[in-house]
Amino acid sequence: MEYFAIVIGAIFVNNIVLAQFLGICPYMGVSSKVSTSVGMAGAVLFVMTLATIVTFLIYNYVLEPFNITYLQTISYILVISSLVQMVEIILKKVSPELYQALGIFLPLITTNCAIMGVALLTVQNDFNLMQGVVFAISHAAGFALAIILFAGIREHMELMDLPKAMRGAPAALVVAGILALAFMGFAGLV
Amino acid sequence: MNQWKNFSKGLIKDNPVYILLLGLCPALGVTTSAFNGLGMGLATTFVLLGSNIVVSLIKNLIPDKVRIPSFIVIIASFVTIVQLTMEAYMPDLFDALGLFIPLIVVNCLVMGRAEAFASKKDTFSSAIDALGMGLGFALALTMLGSLREILGAYSIFGFKLIPGATDGMLVFVLAPGAFIGMGYLIILFNYLKKKTA
Amino acid sequence: MAKKESNFLNMVLALFIVTAAASFILATVYNLTAEPIAQARESKRQLAISQVVPEFDRLESKNFLPPGGGDSLEFNYAFRNDEIVGVAINTWTNRGYSGRISAMVGFDTQGNIIDVVHLQHAETPGLGDKIQKGKSDWSDQFKGLDPATADIRVAKDNGDIDAITAATITSRAYCDAIQRAYDTFKEHFLSQQPKTEEGGLAL
Amino acid sequence: MSLLTVSGSPHVYTEDSVSKIMYGVVLSLIPAALVSFYFFGLAAILVTLTAIVSCLFFEFIIQKYLLKGPVTIFDGSAVITGLLLAFIVPASLPLWMVVIGSLVSIGMAKMTFGGLGKNIFNPALVGRVFLMISFPVEMNMYPKPIPMSTQLTDIISGPTPLAIVKEGVAQGENVSDLLPQVPEYVNLLMGNMGGSVGEISALAILLGGIYMLFRKIITWEIPVAYLGSVVIFAGILWQVNPEIYVDPLFHLVTGGLMLGAIYMATDMVTSPMGRWGMIVYGIGCGFLTIIIRIFGAYPEGVAFAILIMNAFVPLINRGFKPKRFGEEVKNG
Amino acid sequence: MNEITLLSVISLGALGTIAAVILYMVAQKFKVIEDPRIDIVADKLPGANCGGCGYAGCRALAEEIVRKESLDGMSCPPGGNDVMKDIAAVLGLEATEQDPTIAVVRCNGSHENSPPKVRYEGAMTCAFAHSLFAGTGGCPQGCLGCGDCVVSCDFDAIYMDEQTGLPVVKDNCVSCGACVKACPRNIIEIRKRGKKDRRIFVSCINKEKGGVSRKNCKVACIGCGKCVKECNFEAIVFENNLAYIDYNKCTLCRKCPPVCPTGAIHELNFPPRKPRPETKTEPAQA
Amino acid sequence: MKTFTLGGVHPPENKFSQNAPIRELPLPETVTIPISQHLGVPATPVVKKGDTVKTGQLIAKGEGFISANIHSSVSGTVQKVDEVIDTSGYRKKAIIIKVEGDEWEDDIDQSTDLIKDCALTPEEIIKRVNEKGIVGLGGATFPSYVKLMIPKGKKAEYLIINGVECEPYLTADHRLMMEKAEEILVGISIQMKALNVSKAIIGIENNKPDAIEHLRKLLPGYPGISVEPLKVKYPQGGEKQLIKALINREVPSGKLPIEVGCVVHNVGTSYAVYQAVQKNRPLLNRVVTVTGKSLKSPSNFMVRIGTPISQLIEEAGGLPEDTGKVVNGGPMMGKALSNLEAPVTKGTSGVLIFSSQETSRKTMLSCIRCGRCASICPMGLEPYLLAVLSDKKRDEDCEAERIMDCMECGSCLYICPSGRPLLDHIRIGKGAVGKLIRSRSH
Ligand SMILES: Cc1cc2nc3c(=O)[nH]c(=O)nc-3n(C[C@H](O)[C@H](O)[C@H](O)COP(=O)(O)O)c2cc1C
Ligand SMILES: Cc1cc2nc3c(=O)[nH]c(=O)nc-3n(C[C@H](O)[C@H](O)[C@H](O)COP(=O)(O)O)c2cc1C
Ligand SMILES: Cc1cc2nc3c(=O)[nH]c(=O)nc-3n(C[C@H](O)[C@H](O)[C@H](O)COP(=O)(O)O)c2cc1C
Ligand SMILES: Cc1cc2nc3c(=O)[nH]c(=O)nc-3n(C[C@H](O)[C@H](O)[C@H](O)CO)c2cc1C
Ligand code: SF4
Ligand code: SF4
Ligand code: SF4
Ligand code: SF4
Ligand code: FES
């Protein structure tokens with residue numbers, strides 16, 4: 001039940017993009033096509049899970065015992081960015097197909113606040129490792145839901161002649177706003 | 001380059017938020033009030049200024065391949081400094097900005113300026129650029145914060161605009177209002193940019 | 001651009017130096033700010049306590065588990081002239097609209113509520129955040145209530161508390177937190193200390 | 001003789017036009033309007049008129065001065081938006097809030113995207129949800145219906161049947177104890193219950209729906225899929241535990257479900273184009289409605305459910321293509 | 001140095017070292033796939049992706065430039081010579097100077113000059129109108145007036161004149177050629193901008209016999225050949241009942257326009273003519 | 001009653017001229033015979049200015065596989081071989097003949113006697129059909145002999161005769177079936193022989209009960225032929241729809257009817273085949289319906305190819321005052337004329353006169369996404385989508401959405417409540433995608 005609450009909460013109620021404002025850059029940037037947004041979502045899922053695990057370990061086995069939690073920010077970012085790069089090489093060697101599908105997005109999301117944010121939130125919520133992983137996966141799923149829906153809408157808008165002033169970012173933000181408005185309906189689910 | 005131009009471009013023409021669409025997360029996340037927006041803007045400006053200066057100072061000492069990690073570390077240090085100082089001396093603001101303070105480190109604006117500007121130009125220009133961009137960022141956040149505060153609470157910087165009225169249109173304090181407010185502010189800035197160009 | 005050639009040694013060295021220097025500087029800043037941060041936290045607590053109990057000159061803290069289970073509550077006994085003038089209890093509830101709400105409830109020695117202030121919450125601005133003192137005087141209705149006689153529940157649940165309009169959930173949760181404080185207080189204070197009428201206990 | 005016209009084929013066109021469709025919808029809403037005027041009196045009339053006039057006004061202003069394009073306020077779509085917006089707010093709502101709702105509906109949800117046909121979300125629903133979140137107090141106060149009244153008397157917070165049941169269940173009461181507190185089914189059907197201006201009478205709305213079906217303004221897929229899936233999902237829960245979950249019929253006749261299923265989910269601009277897409281969309285709406293009604297914070301979920309499904313429409317349209325002529329042979 | 005500082009420096013230093021090792025591995029395995037100069041060149045290009053250069057977008061041009069290591073025959077119309085010089089400087093190459101050019105509409109069949117004989121209804125696109133019929137004015141080569149060229153222009157450099165029903169090119173045209181491609185009738189041509197933006201050209205492409213073309217349009221080139229005789233520089237070629245002025249040979253002497261019996265030859269941005277056209281000197285009121 | 005399953009519309013039928021018998025139109029003063037009246041390569045003129053020609057004489061020779069001979073429809077002198085303005089205002093090459101008397105080629109049998117038996121072999125029939133310039137009279141003017149030659153490896157099972165005439169207003173096929181039923185049936189038998197099939201089905205929409213009955217009465221003399229009444233629904237006359245309606249087979253996307261064992265011919269084509277094979281008579285004339293709401297006397301004329309359209313209109317009572325549009329062909333697929341002096345060609349099935357009110361398009365609004373166009377498209381396409389994709393020049397996407405399947409029936413533009421010019425855009429898209437496909441195969 002607790003995991004259920006984490007999942008529903010992360011995907012619908014506190015959607016990472018629509019309610020927590022994390023990962024807005026890729027949300028706005030890599031959402032012009034459904035196919036690329038799917039790739040992006042996959043990459044986020046991957047990195048978010050991995051980053052949460054590693055930062056969890058760093059926090060609980062290095063920072064906490066040494067009483068230097070104030071170095072959280074700096075160590076997290078270092079760890080995440082080198083981790084992603086390592087994954088990139090490994091992926092390229094091990095599975096070129098996967099690399100083709102996800103690899104191009106990896107550098108994009110290294111320094112992305114969604115990844116960092118979820119890592120920080122895991123600590124803030126006092127989760128254990130398993131909960132943290134579920135939390136990360138659910139947030140990634142929430143990100144996927146938001147970005148794929150949004151990409152569908154943007155592809156659709158591409159075909160409509162929007163007023164010139166609205167094209168691009170403004171319309172995208174208004175759509176995101178209304179989407180956020182609609183997602184408020186999930187309030188109270190958990 | 002003309003330093004005034006270098007400074008002022010960040011305000012409207014190359015406004016980091018409304019024109020370049022950088023650092024949208026904090027811009028949306030913390031701007032529930034004008035004061036929070038301003039606070040976040042200034043904090044970011046400090047980090048930007050500090051890291052731009054340091055990066056431009058040591059740019060020639062860093063091997064190319066570890067350029068980005070080194071920059072990240074430098075930025076993260078400044079962020080942590082801000083974090084600690086704010087917690088010590090402005091605990092209320094620190095509480096309000098919450099998660100978004102550590103997230104300055106991943107703000108694409110900061111990294112972007114370090115990469116694109118400070119790692120190529122001299123220290124003075126970099127500082128001016130950082131200041132301009134940072135103030136542009138602060139301006140953007142304060143504007144969005146004001147808009148949301150005015151509409152969402154009928155007040156600005158905490159001063160009630162309509163005496164007696166308690167709540168405004170709550171949407172603007174909540175997530176949707178951030179997106180919507182920014183959407184329309186972007187239109188405004190595009191218009192201003194055209195006007196000033 | 002004068003770019004340095006990258007080789008193994010200079011890469012490792014450069015990054016090591018940068019991180020070491022950064023951490024050294026940060027450690028210095030941390031050491032400098034550790035004190036003020038602790039102070040800021042402490043003064044916040046002090047402030048909250050002083051809002052809900054009468055003037056005091058000494059504080060003593062002790063933690064008790066609430067009868068319903070869950071995290072322990074911190075009792076802050078306020079003394080003036082070595083006499084207890086009130087107890088400020090740091091209580092919580094998880095029934096809020098969004099996440100945990102914690103509050104400081106002050107009781108006099110008879111078990112009447114002196115006052116309540118919120119400590120931390122994530123309720124919706126404009127709705128649930130009316131539990132905050134500065135936002136509305138809603139929480140003033142708890143002043144002086146004796147939970148033994150008054151029903152600390154919202155009117156909708158047949159209690160004596162008027163809910164915040166359109167934020168019954170938060171109102172309920174706040175009542176829950178206060179009730180939890182009272183229950184614990186009863187168990188660990190009132191039941192051990194026979195109720196006396198003797199003086200000094202101002203309301 | 002005037003100049004001959006040259007154009008591509010064909011050279012004859014149906015009589016049907018956008019404005020005929022739109023005014024058909026307006027016509028079909030008259031029974032529901034009459035019921036609401038009967039129960040809520042002058043207040044309902046005022047809210048309705050305000051919404052329609054302000055929608056038309058904002059559409060005019062924006063088309064003329066901001067978009068600087070042709071003004072098409074008489075195509076009837078803005079009238080529907082106004083009418084439906086009025087129908088989904090409480091009759092006691094202050095008129096200035098109605099005006100704000102209209103501005104949001106027309107300005108933000110419709111004109112931002114270029115006007116008729118280009119919006120992604122249902123404008124009236126965006127207006128309502130905006131109001132609901134901005135002014136939770138006012139949007140949660142429903143006047144008691146009083147036949148032939150001129151004044152709104154008893155304005156109580158949330159006395160819609162759905163809210164009564166939801167509150168009650170949340171307090172641990174049994175559904176069977178709660179049902180006596182809500183009007184009987186006949187009254188629910190006729191509209192004698194607390195609720196928004198135009199959503200109260202399921203019967204009047206059904207009547208309008210049948211008229212629209214008859215005139216081929218809407219097709220059966222969305223309403224049937226929507227209502228059907230609500231009945232099924234609610235029915236399953238009801239079977240599981242009738243003491244905490246109300247029976248499906250209750251869900252069907254209360255709240256904005258009828259109005260939503262027949263008028264809002266069917267808005268062609270914001271719903272899928274093909275038959276199977278429509279059915280999937282209807283089922284999605286039904287599912288989300290039940291989820292929000294039963295498990296969410298809100299007693300009513302129709303508006304949110306439809307808006308969320310609106311966002312899915314582009315994906316649904318991509319996924320459900322019509323059957324092409326000669327397709328099976330090619331694949332087989 | 002107290003304990004916290006020590007621990008901090010040690011742990012973070014270790015992390016930094018690990019990061020550096022990983023990065024070194026990346027650098028080793030991850031050989032540079034792309035010539036870094038591509039990025040540099042692409043950076044210099046305007047990023048309009050208009051295709052005016054003939055390549056699929058700015059990056060494609062950058063790749064081509066770097067691959068060929070030469071700028072021969074390559075140009076970026078929106079960026080102009082400045083950009084090419086920049087790139088040349090980056091790559092250490094010579095940029096070929098090109099005369100500035102601009103789009104020119106070679107039809108003057110306005111509503112007045114070529115009155116409508118039928119009405120057109122339907123999609124407002126020249127491509128379709130062209131496939132459907134000769135045009136409202138009747139000239140099978142003339143402008144259809146539905147504005148495909150206007151729509152195609154990414155630079156807002158061409159607009160439809162309400163009065164004449166003909167497109168007009170503005171000064172900010174970057175001669176990307178999008179409109180040339182968009183026009184189903186090949187009416188638009190990229191020509192030399194000319195000194196002080198002065199241009200002389202035949203504003204007609206109708207190749208029908210004089211009588212026929214004249215019937216549809218008052219200002220059609222009727223193929224009389226007078227201009228050819230008038231031109232001292234052999235700049236005018238004459239083929240299929242149509243005169244064409246070669247902008248490379250034309251000296252902007254302004255002799256031909258007056259001799260055209262229908263007024264099909266246009267001169268742009270010249271000062272008003274003096275009463276006696278033989279004065280070739282610079283006019284005073286420029 | 002049988003009909004096709006996917007989509008379809010039912011515009012008002014307005015068949016004003018259905019009871020007007022076919023009248024022979026008087027000879028014009030000159031005829032203009034374009035050299036390209038059929039689908040495929042234009043014919044090459046074999047006469048020159050000043051030549052005298054007889055009715056039925058070959059004046060232009062079809063060259064290449066898909067092309068058709070052209071014969072003089074009158075006797076007289078060739079005035080010129082030159083470009084003339086065609087129906088759309090463009091110039092097309094044509095042979096202009098001044099009419100002098102009406103002297104026919106000698107080998108043509110001008111009598112009206114019915115000759116039932118045909119002694120020719122299938123090859124000879126096909127050769128004759130080719131020589132005599134017979135093209136499909138159902139609208140596409142595809143050279144008929146090509147369709148009679150079954151490609152190797154394929155086998156025809158059915159000859160399907162298109163007597164649907166689903167276009168509103170038009171009555172040419174209807175009248176022909178009423179007045180030349182026997183000839184048509186003989187023609188069908190000849191086509192069956194050429195194709196070596198034993199079954200022929202004549203599909204006729206139920207709004208022509210008299211024609212169905214009339215043909216059915218005559219059927220006993222013609223083994224293998226049957227008549228099938230069909231529910232009235234446009235575009236039942238489209239060959240793919242007709243095959244689906246009659247024998248419930250779907251011609252795969254991009255394929256020809258022979259793929260499902262069918263060959264489709266129009267009734268008029270059968271009549272022309274009869275004339276060519278039994279009477280040795282080339283395609284000289286055809287039935288043209290001239291009609292319109294405000295026209296004095298809507299009629300069906302037997303018209304010599306090359307007669308100016310204006311003469312037909314004169315004969316039917318003259319151009320009404322309120323004329324807003326003149327259409328060559330049916331209201332759904334016909335072409336609006338910008339030049340009334342243009343001649344009748346082999347493909348002209350009707351001339352429609354519309355007033356401006358009847359024909360003006362609706363004021364164009366944005367697509368309201370009602371989905372009607374998609375629900376009535378007989379090919380199962382999404383016209384609203386194809387139209388925007390084409391407008392945005394997204395040719396690959398157009399192709400993936402099967403734009404090339406569109407048969408330009410016009411139902412989508414007919415139905416759209418928003419007055420979107422769907423088919424206009426789709427046509428451009430088809431052109432662009434066609435180019436794309438061709439460039440790929442090169
Ligand atoms: C965005 C949003 C925020 C909300 N925040 C709160 C809140 O902070 N506290 C609360 O009690 N209810 C909150 N609600 C819940 C609704 O207002 C709910 O209808 C109300 O609490 C029901 O109680 P009532 O009986 O007082 O109307 C929120 C709803 C929404 C949509
Ligand atoms: C390029 C092309 C080739 C064709 N080849 C044949 C053929 O080999 N055999 C045949 O029976 N019909 C052939 N057809 C004719 C078509 O089947 C069809 O009858 C003709 O296109 C007119 O049909 P419509 O009026 O329905 O468009 C061909 C048509 C085209 C366009
Ligand atoms: C939309 C559409 C409608 C058509 N309607 C008819 C019709 O009513 N009658 C007809 O004979 N052919 C009609 N055709 C043409 C037929 O598809 C087919 O080409 C013709 O029957 C072949 O015979 P033909 O080659 O003898 O002309 C139509 C074609 C299309 C695309
Ligand atoms: C059947 C039908 C239902 C409609 N429902 C709505 C609606 O729920 N809300 C609304 O704003 N407009 C509605 N409209 C009007 C119109 O389609 C709407 O304003 C468009 O979304 C504006 O682009 C409806 C129209 C029709 C024909
Ligand atoms: S007018 Fe033509 S050539 Fe000039 S910029 Fe526009 S599209 Fe390019
Ligand atoms: S110049 Fe060509 S593209 Fe432009 S309006 Fe005329 S015909 Fe159309
Ligand atoms: S014209 Fe084409 S797209 Fe339109 S209905 Fe007919 S087949 Fe379908
Ligand atoms: S019929 Fe017209 S309005 Fe309806 S979907 Fe098709 S194009 Fe759009
Ligand atoms: S600021 Fe760029 S992803 Fe958040």
# chains A, B, ... in the order shown; residues from 1 in each chain; ligands from 1
$ residues_near_ligand --ligand "ligand 6" --cutoff "10 Å" --atoms "only C-alpha atoms and all ligand atoms" --output "PDB file with C-alpha atoms, in the first residue's frame"
ATOM      1  CA  VAL E 104      12.157  40.040 -58.335  1.00  0.00           C
ATOM      2  CA  VAL E 105       8.546  39.451 -59.338  1.00  0.00           C
ATOM      3  CA  ARG E 106       8.268  39.342 -63.116  1.00  0.00           C
ATOM      4  CA  CYS E 107       4.579  39.895 -63.639  1.00  0.00           C
ATOM      5  CA  ASN E 108       2.572  43.071 -63.656  1.00  0.00           C
ATOM      6  CA  GLY E 109      -0.817  41.548 -64.327  1.00  0.00           C
ATOM      7  CA  MET E 124      -5.952  29.931 -51.779  1.00  0.00           C
ATOM      8  CA  THR E 125      -2.861  28.331 -53.138  1.00  0.00           C
ATOM      9  CA  CYS E 126      -1.236  29.089 -56.434  1.00  0.00           C
ATOM     10  CA  ALA E 127      -0.228  25.467 -56.835  1.00  0.00           C
ATOM     11  CA  PHE E 128      -3.825  24.378 -56.990  1.00  0.00           C
ATOM     12  CA  ALA E 129      -5.080  27.315 -59.003  1.00  0.00           C
ATOM     13  CA  HIS E 130      -2.306  26.643 -61.467  1.00  0.00           C
ATOM     14  CA  GLY E 135      -5.838  32.324 -63.874  1.00  0.00           C
ATOM     15  CA  GLN E 141       1.796  32.388 -67.349  1.00  0.00           C
ATOM     16  CA  GLY E 142       0.828  35.304 -65.143  1.00  0.00           C
ATOM     17  CA  CYS E 143       0.673  35.602 -61.421  1.00  0.00           C
ATOM     18  CA  LEU E 144      -2.241  33.773 -59.833  1.00  0.00           C
ATOM     19  CA  GLY E 145      -2.206  35.998 -56.802  1.00  0.00           C
ATOM     20  CA  CYS E 146      -2.869  33.357 -54.169  1.00  0.00           C
ATOM     21  CA  GLY E 147       0.414  34.098 -52.468  1.00  0.00           C
ATOM     22  CA  ASP E 148       2.274  30.798 -52.283  1.00  0.00           C
ATOM     23  CA  CYS E 149       5.436  32.876 -52.460  1.00  0.00           C
ATOM     24  CA  VAL E 150       4.351  34.997 -49.514  1.00  0.00           C
ATOM     25  CA  VAL E 151       3.682  31.918 -47.399  1.00  0.00           C
ATOM     26  CA  SER E 152       6.980  30.341 -48.346  1.00  0.00           C
ATOM     27  CA  ILE E 158       7.342  39.475 -49.479  1.00  0.00           C
ATOM     28  CA  TYR E 159       3.745  40.557 -49.148  1.00  0.00           C
ATOM     29  CA  MET E 160       0.615  40.661 -51.234  1.00  0.00           C
ATOM     30  CA  GLY E 165      -3.182  41.496 -56.224  1.00  0.00           C
ATOM     31  CA  LEU E 166       0.507  40.994 -56.913  1.00  0.00           C
ATOM     32  CA  PRO E 167       3.290  40.091 -54.529  1.00  0.00           C
ATOM     33  CA  VAL E 168       5.849  42.751 -53.628  1.00  0.00           C
ATOM     34  CA  CYS E 179       9.655  31.845 -53.161  1.00  0.00           C
ATOM     35  CA  VAL E 180      11.221  30.936 -56.483  1.00  0.00           C
ATOM     36  CA  LYS E 181      10.664  27.311 -55.653  1.00  0.00           C
ATOM     37  CA  ALA E 182       7.177  27.947 -54.341  1.00  0.00           C
ATOM     38  CA  CYS E 183       5.863  29.738 -57.404  1.00  0.00           C
ATOM     39  CA  PRO E 184       4.291  27.218 -59.740  1.00  0.00           C
ATOM     40  CA  ARG E 185       4.764  29.602 -62.631  1.00  0.00           C
ATOM     41  CA  ASN E 186       8.369  30.517 -62.203  1.00  0.00           C
ATOM     42  CA  ILE E 187       7.534  34.186 -62.014  1.00  0.00           C
ATOM     43  CA  ILE E 188      10.043  35.080 -59.344  1.00  0.00           C
ATOM     44  CA  GLU E 189      13.698  35.338 -60.192  1.00  0.00           C
TER      45      GLU E 189
END
$ residues_near_ligand --ligand "ligand 2" --cutoff "8 Å" --atoms "only C-alpha atoms and all ligand atoms" --output "CSV table (one decimal) with N, CA, C and O atoms, in the first residue's frame"
chain,number,residue,atom,x,y,z
F,39,LEU,N,-6.7,9.5,-71.5
F,39,LEU,CA,-5.6,9.3,-70.6
F,39,LEU,C,-4.4,8.7,-71.3
F,39,LEU,O,-4.6,7.8,-72.1
F,40,GLY,N,-3.3,9.3,-71.2
F,40,GLY,CA,-2.1,8.7,-71.9
F,40,GLY,C,-1.4,9.7,-72.8
F,40,GLY,O,-1.7,10.9,-72.7
F,66,ILE,N,-0.4,3.3,-74.3
F,66,ILE,CA,-1.6,3.9,-73.7
F,66,ILE,C,-1.8,5.2,-74.5
F,66,ILE,O,-1.3,6.3,-74.2
F,136,GLY,N,-12.7,4.8,-72.5
F,136,GLY,CA,-13.7,4.7,-71.5
F,136,GLY,C,-14.6,5.9,-71.4
F,136,GLY,O,-14.1,7.0,-71.4
F,138,GLY,N,-16.8,6.4,-69.1
F,138,GLY,CA,-17.3,6.6,-67.7
F,138,GLY,C,-16.6,7.8,-67.1
F,138,GLY,O,-16.9,8.2,-66.0
F,139,GLY,N,-15.7,8.5,-67.8
F,139,GLY,CA,-15.1,9.7,-67.2
F,139,GLY,C,-13.6,9.7,-67.3
F,139,GLY,O,-13.0,10.7,-67.5
F,140,ALA,N,-13.0,8.5,-67.2
F,140,ALA,CA,-11.5,8.5,-67.1
F,140,ALA,C,-10.9,8.5,-68.5
F,140,ALA,O,-9.7,8.7,-68.6
F,141,THR,N,-11.7,8.2,-69.5
F,141,THR,CA,-11.2,8.2,-70.9
F,141,THR,C,-9.9,7.3,-71.0
F,141,THR,O,-9.0,7.7,-71.8
F,142,PHE,N,-9.9,6.2,-70.4
F,142,PHE,CA,-8.7,5.3,-70.5
F,142,PHE,C,-8.9,4.5,-71.7
F,142,PHE,O,-10.0,4.0,-71.9
F,146,VAL,N,-6.8,-1.4,-73.9
F,146,VAL,CA,-5.8,-1.8,-72.9
F,146,VAL,C,-6.5,-2.6,-71.9
F,146,VAL,O,-6.0,-3.6,-71.4
F,147,LYS,N,-7.7,-2.2,-71.5
F,147,LYS,CA,-8.4,-2.9,-70.4
F,147,LYS,C,-8.9,-4.2,-70.9
F,147,LYS,O,-9.2,-5.1,-70.1
F,148,LEU,N,-9.0,-4.4,-72.2
F,148,LEU,CA,-9.5,-5.7,-72.7
F,148,LEU,C,-8.4,-6.7,-72.8
F,148,LEU,O,-8.6,-7.9,-72.9
F,149,MET,N,-7.2,-6.2,-72.7
F,149,MET,CA,-6.0,-7.2,-72.7
F,149,MET,C,-5.6,-7.5,-71.3
F,149,MET,O,-5.1,-6.7,-70.6
F,150,ILE,N,-5.9,-8.7,-70.9
F,150,ILE,CA,-5.6,-9.1,-69.6
F,150,ILE,C,-4.1,-9.4,-69.4
F,150,ILE,O,-3.5,-10.1,-70.3
F,151,PRO,N,-3.4,-8.7,-68.5
F,151,PRO,CA,-2.0,-8.9,-68.3
F,151,PRO,C,-1.7,-10.4,-68.0
F,151,PRO,O,-2.5,-11.1,-67.5
F,237,GLY,N,-20.3,4.6,-58.4
F,237,GLY,CA,-19.7,4.4,-59.8
F,237,GLY,C,-18.2,4.2,-59.8
F,237,GLY,O,-17.7,3.8,-60.8
F,238,GLY,N,-17.6,4.6,-58.7
F,238,GLY,CA,-16.1,4.4,-58.7
F,238,GLY,C,-15.9,2.9,-58.8
F,238,GLY,O,-16.5,2.1,-58.1
F,239,GLU,N,-14.9,2.5,-59.6
F,239,GLU,CA,-14.8,1.1,-59.9
F,239,GLU,C,-14.6,0.2,-58.7
F,239,GLU,O,-15.1,-0.9,-58.5
F,240,LYS,N,-13.7,0.7,-57.8
F,240,LYS,CA,-13.5,-0.1,-56.6
F,240,LYS,C,-14.7,-0.3,-55.7
F,240,LYS,O,-15.0,-1.3,-55.2
F,256,LEU,N,-5.0,-2.6,-59.6
F,256,LEU,CA,-6.1,-2.4,-60.6
F,256,LEU,C,-7.2,-3.5,-60.3
F,256,LEU,O,-6.9,-4.5,-59.7
F,257,PRO,N,-8.4,-3.3,-60.9
F,257,PRO,CA,-9.5,-4.3,-60.6
F,257,PRO,C,-9.1,-5.7,-61.0
F,257,PRO,O,-9.6,-6.6,-60.4
F,258,ILE,N,-8.2,-5.8,-62.0
F,258,ILE,CA,-7.9,-7.2,-62.4
F,258,ILE,C,-7.3,-8.0,-61.3
F,258,ILE,O,-7.4,-9.2,-61.3
F,263,VAL,N,-13.0,-6.6,-64.6
F,263,VAL,CA,-12.7,-5.5,-65.6
F,263,VAL,C,-14.0,-4.7,-65.6
F,263,VAL,O,-15.1,-5.3,-65.6
F,264,VAL,N,-13.8,-3.4,-65.4
F,264,VAL,CA,-15.0,-2.5,-65.3
F,264,VAL,C,-15.1,-1.7,-66.6
F,264,VAL,O,-14.1,-1.0,-67.0
F,265,HIS,N,-16.2,-1.7,-67.2
F,265,HIS,CA,-16.5,-0.8,-68.3
F,265,HIS,C,-17.8,0.0,-68.1
F,265,HIS,O,-18.7,-0.6,-67.5
F,407,MET,N,-9.4,9.0,-54.6
F,407,MET,CA,-9.8,8.9,-56.0
F,407,MET,C,-10.5,10.2,-56.4
F,407,MET,O,-11.1,10.3,-57.4
$ atom_distance --atom1 "atom CA of D:Ser229" --atom2 "atom CA of D:Gly319"
20.6 Å
$ residues_around --residues "D:Gly195" --least-positions-apart "4" --cutoff "7 Å" --atoms "only C-alpha atoms" --output "list in words"
Pro90, Tyr142, Thr160, Glu199, Ile200 and Gly255 of chain D
$ write_last_selection --atoms "N, CA, C and O atoms" --output "short mmCIF file (atom, residue, chain, number, x, y, z; two decimals), in the first residue's frame"
data_model
loop_
_atom_site.label_atom_id
_atom_site.label_comp_id
_atom_site.auth_asym_id
_atom_site.auth_seq_id
_atom_site.Cartn_x
_atom_site.Cartn_y
_atom_site.Cartn_z
N PRO D 90 -22.19 27.13 -10.01
CA PRO D 90 -23.36 27.31 -9.16
C PRO D 90 -24.11 28.58 -9.53
O PRO D 90 -23.51 29.57 -9.94
N TYR D 142 -23.57 25.70 -3.11
CA TYR D 142 -24.66 25.48 -4.05
C TYR D 142 -25.98 25.90 -3.44
O TYR D 142 -26.27 25.58 -2.30
N THR D 160 -24.42 19.00 -2.86
CA THR D 160 -24.81 18.18 -4.00
C THR D 160 -24.88 16.74 -3.51
O THR D 160 -24.16 16.38 -2.57
N GLU D 199 -26.80 21.42 -14.80
CA GLU D 199 -26.48 19.99 -14.80
C GLU D 199 -27.51 19.17 -14.05
O GLU D 199 -27.42 17.96 -14.00
N ILE D 200 -28.49 19.86 -13.45
CA ILE D 200 -29.30 19.15 -12.46
C ILE D 200 -30.27 18.14 -13.06
O ILE D 200 -30.48 17.09 -12.51
N GLY D 255 -24.61 14.93 -10.32
CA GLY D 255 -23.45 15.69 -10.76
C GLY D 255 -23.54 16.04 -12.23
O GLY D 255 -24.61 16.06 -12.83
#
